[in-house]
Amino acid sequence: MTTKSLRKLTEKELEHYDREGYVLARGAVGPEVLQLARRVLERWVNDLIVSWVEQGLLKEPLSEVDFEHRLVQAWEAAGRPRYSRSPRRDLVGVEMFQFLTHPDLLDLAEDLLGTGEILSHGIFNGRPKAPDQKWTDTPWHQDAQYFRDAEYVHVPTLWMPLQPVTEKNSCLQVAAGLHRGVLHEGYTDPETDFLGMSPEARRALQGISIEMQPGDVLCMTQKTPHRALPNLTDAVRWSMDVRYEATPTATAGGKEMGFVARSRANPSSATGCEEWLKQWESIPRGSY
């Protein structure tokens with residue numbers, strides 16, 4: 001793995017992030033990061049589809065179908081069974097650790113946090129945003145609604161797509177400049193069962209669509225309202241989202257399944273891959 005990051009955030013980008021609650025970092029991660037993410041997600045897709053075959057829902061695993069279409073075609077053929085829309089425990093492995101600790105991501109986190117003492121937050125997700133699936137449409141929400149102990153602790157989210165994203169195939173929308181306001185009470189969306197903002201709070205939001213290319217990273221604060229648009233294509237829109245915080249002020253929620261990803265002051269204190277994998281051994285697949 002490379003040890004030199006692709007690029008740093010500029011002063012102008014950091015000012016935009018501080019003012020608006022988000023910044024789009026164009027070309028901030030290289031092919032190595034995207035390849036790691038794709039291998040992690042391909043493994044998860046294969047395991048899921050094989051389980052449908054074993055359950056008798058599917059005759060064969062459609063191994064010849066490309067990555068963008070395999071899951072949705074298998075899902076249709078299997079009778080549209082429910083699956084994890086935010087897999088986390090099932091992504092755990094060596095390549096996921098390499099992804100979380102890649103310099104391209106850690107340098108972005110270091111720029112945003114202003115410190116080289118970085119904890120990888122325990123909440124990370126692979127997102128299979130398939131067409132014609134209302135229950136995978138993430139409504140307006142603030143990430144800290146899922147970990148409320150971060151209301152006053154900076155926990156930036158790094159969101160990145162694995163293919164070009166537009167309004168047609170479910171890019172994200174953000175509501176700029178509201179990250180300094182209130183952390184809204186959680187509201188369970190009746191259509192999707194996602195936790196998010198109430199209908200009253202949503203009505204006041206004006207969304208900015210963030211169209212992106214592979215290698216771009218959307219950086220947001222833990223209180224920046226955002227949502228995913230519906231996917232109107234015939235392919236899955238794949239993305240990864242991860243979070244980091246400063247180790248000295250890390251939240252209990254972040255530390256629960258998180259780990260020290262970088263320490264400039266004491267490099268040997270960073271968590272190793274084997275140690276991280278052991279954290280997950282007692283947690284059943286599909287449960288976190």
# chains A, B, ... in the order shown; residues from 1 in each chain; ligands from 1
>>> closest_atom_pairs(of="range 76-192 of chain A", to="range 200-208 of chain A", cutoff="8 Å", atoms="only C-alpha atoms", output="tab-separated table")
residue	atom	partner	partner_atom	distance
A:Trp140	CA	A:Arg202	CA	6.6
A:Gln173	CA	A:Ile208	CA	5.0
A:Val174	CA	A:Gly207	CA	5.3
A:Ala175	CA	A:Gly207	CA	5.0
A:Ala176	CA	A:Ile208	CA	7.6
>>> residues_around(residues="His121 in chain A", least_positions_apart="6", cutoff="7 Å", atoms="only C-alpha atoms", output="list of chain:residue names")
A:Arg243, A:Tyr244, A:Glu245, A:Gly254, A:Lys255, A:Gly258
>>> write_last_selection(atoms="N, CA and C atoms", output="JSON list (two decimals), in the first residue's frame")
[["chain", "number", "residue", "atom", "x", "y", "z"],
["A", 243, "ARG", "N", -16.09, 7.62, 9.09],
["A", 243, "ARG", "CA", -16.02, 8.75, 10.00],
["A", 243, "ARG", "C", -14.75, 8.69, 10.83],
["A", 244, "TYR", "N", -14.26, 9.87, 11.18],
["A", 244, "TYR", "CA", -13.06, 9.97, 12.01],
["A", 244, "TYR", "C", -13.27, 11.05, 13.07],
["A", 245, "GLU", "N", -12.54, 10.93, 14.17],
["A", 245, "GLU", "CA", -12.55, 11.97, 15.19],
["A", 245, "GLU", "C", -11.18, 12.05, 15.85],
["A", 254, "GLY", "N", -17.88, 6.47, 19.32],
["A", 254, "GLY", "CA", -16.83, 6.29, 18.32],
["A", 254, "GLY", "C", -15.82, 5.25, 18.72],
["A", 255, "LYS", "N", -15.52, 5.19, 20.02],
["A", 255, "LYS", "CA", -14.51, 4.25, 20.50],
["A", 255, "LYS", "C", -15.03, 2.83, 20.64],
["A", 258, "GLY", "N", -14.46, 1.49, 17.32],
["A", 258, "GLY", "CA", -13.45, 2.22, 16.57],
["A", 258, "GLY", "C", -12.05, 1.82, 16.97]]
>>> closest_residue(among="A:Gly30, A:Pro190, A:Gly126, A:Gly253", to="Asp90 in chain A", atoms="only C-alpha atoms")
A:Gly126
>>> residues_around(residues="range 52-56 of chain A", least_positions_apart="4", cutoff="9 Å", atoms="only C-alpha atoms", output="number ranges by chain")
A: 47-48, 60-61, 74-75, 78, 81
>>> residues_around(residues="Tyr83 in chain A", least_positions_apart="6", cutoff="12 Å", atoms="only C-alpha atoms", output="ChimeraX atom specification")
/A:44-45,47-49,51-52,71-72,74-75,90,127-130,133,135-136,286
>>> closest_residue(among="A:Arg7, A:Arg237, A:Arg180, A:Arg88", to="Trp280 in chain A", atoms="only C-alpha atoms")
A:Arg88
>>> atom_distance(atom1="CA of Gly177 in chain A", atom2="CA of Pro225 in chain A")
9.3 Å
>>> decode(residues="range 135-160 of chain A", atoms="N, CA and C atoms", output="compact mmCIF listing (two decimals), in the first residue's frame")
# COMPACT_ATOMS: atom_id res chain seq x y z
N TRP A 135 -37.01 1.67 0.40
CA TRP A 135 -36.46 1.46 1.74
C TRP A 135 -34.94 1.66 1.81
N THR A 136 -34.31 1.93 0.65
CA THR A 136 -32.89 2.31 0.69
C THR A 136 -32.69 3.80 0.40
N ASP A 137 -33.78 4.56 0.28
CA ASP A 137 -33.68 6.00 0.10
C ASP A 137 -33.46 6.66 1.47
N THR A 138 -32.25 7.08 1.74
CA THR A 138 -32.00 7.72 3.04
C THR A 138 -32.61 9.12 3.04
N PRO A 139 -33.53 9.40 3.97
CA PRO A 139 -34.19 10.70 4.02
C PRO A 139 -33.26 11.75 4.64
N TRP A 140 -33.74 12.98 4.70
CA TRP A 140 -32.97 14.03 5.35
C TRP A 140 -32.62 13.62 6.77
N HIS A 141 -31.35 13.70 7.11
CA HIS A 141 -30.90 13.34 8.45
C HIS A 141 -29.59 14.02 8.76
N GLN A 142 -29.20 13.97 10.01
CA GLN A 142 -27.88 14.38 10.46
C GLN A 142 -27.21 13.13 11.02
N ASP A 143 -25.96 12.89 10.65
CA ASP A 143 -25.32 11.66 11.10
C ASP A 143 -25.31 11.53 12.62
N ALA A 144 -25.15 12.65 13.32
CA ALA A 144 -25.08 12.59 14.79
C ALA A 144 -26.40 12.17 15.41
N GLN A 145 -27.48 12.08 14.63
CA GLN A 145 -28.71 11.51 15.17
C GLN A 145 -28.53 10.03 15.49
N TYR A 146 -27.54 9.41 14.85
CA TYR A 146 -27.24 8.00 15.10
C TYR A 146 -26.21 7.81 16.21
N PHE A 147 -25.50 8.88 16.57
CA PHE A 147 -24.54 8.81 17.69
C PHE A 147 -24.54 10.17 18.39
N ARG A 148 -25.54 10.35 19.23
CA ARG A 148 -25.84 11.67 19.78
C ARG A 148 -24.77 12.18 20.74
N ASP A 149 -23.86 11.32 21.18
CA ASP A 149 -22.77 11.81 22.03
C ASP A 149 -21.79 12.68 21.23
N ALA A 150 -21.98 12.77 19.93
CA ALA A 150 -21.11 13.62 19.09
C ALA A 150 -21.77 14.96 18.77
N GLU A 151 -22.81 15.33 19.52
CA GLU A 151 -23.49 16.61 19.22
C GLU A 151 -22.51 17.78 19.28
N TYR A 152 -21.59 17.73 20.22
CA TYR A 152 -20.65 18.84 20.39
C TYR A 152 -19.20 18.41 20.13
N VAL A 153 -19.01 17.27 19.50
CA VAL A 153 -17.68 16.76 19.16
C VAL A 153 -17.61 16.61 17.64
N HIS A 154 -16.58 17.17 17.05
CA HIS A 154 -16.45 17.15 15.59
C HIS A 154 -16.15 15.72 15.10
N VAL A 155 -17.06 15.18 14.31
CA VAL A 155 -16.89 13.85 13.71
C VAL A 155 -17.20 13.96 12.22
N PRO A 156 -16.21 14.30 11.40
CA PRO A 156 -16.48 14.43 9.96
C PRO A 156 -16.77 13.09 9.29
N THR A 157 -17.72 13.12 8.38
CA THR A 157 -18.04 11.98 7.53
C THR A 157 -17.37 12.18 6.17
N LEU A 158 -16.76 11.11 5.66
CA LEU A 158 -16.21 11.10 4.30
C LEU A 158 -17.04 10.13 3.48
N TRP A 159 -17.74 10.65 2.47
CA TRP A 159 -18.64 9.86 1.62
C TRP A 159 -18.07 9.83 0.22
N MET A 160 -17.97 8.64 -0.37
CA MET A 160 -17.38 8.54 -1.70
C MET A 160 -18.10 7.49 -2.54
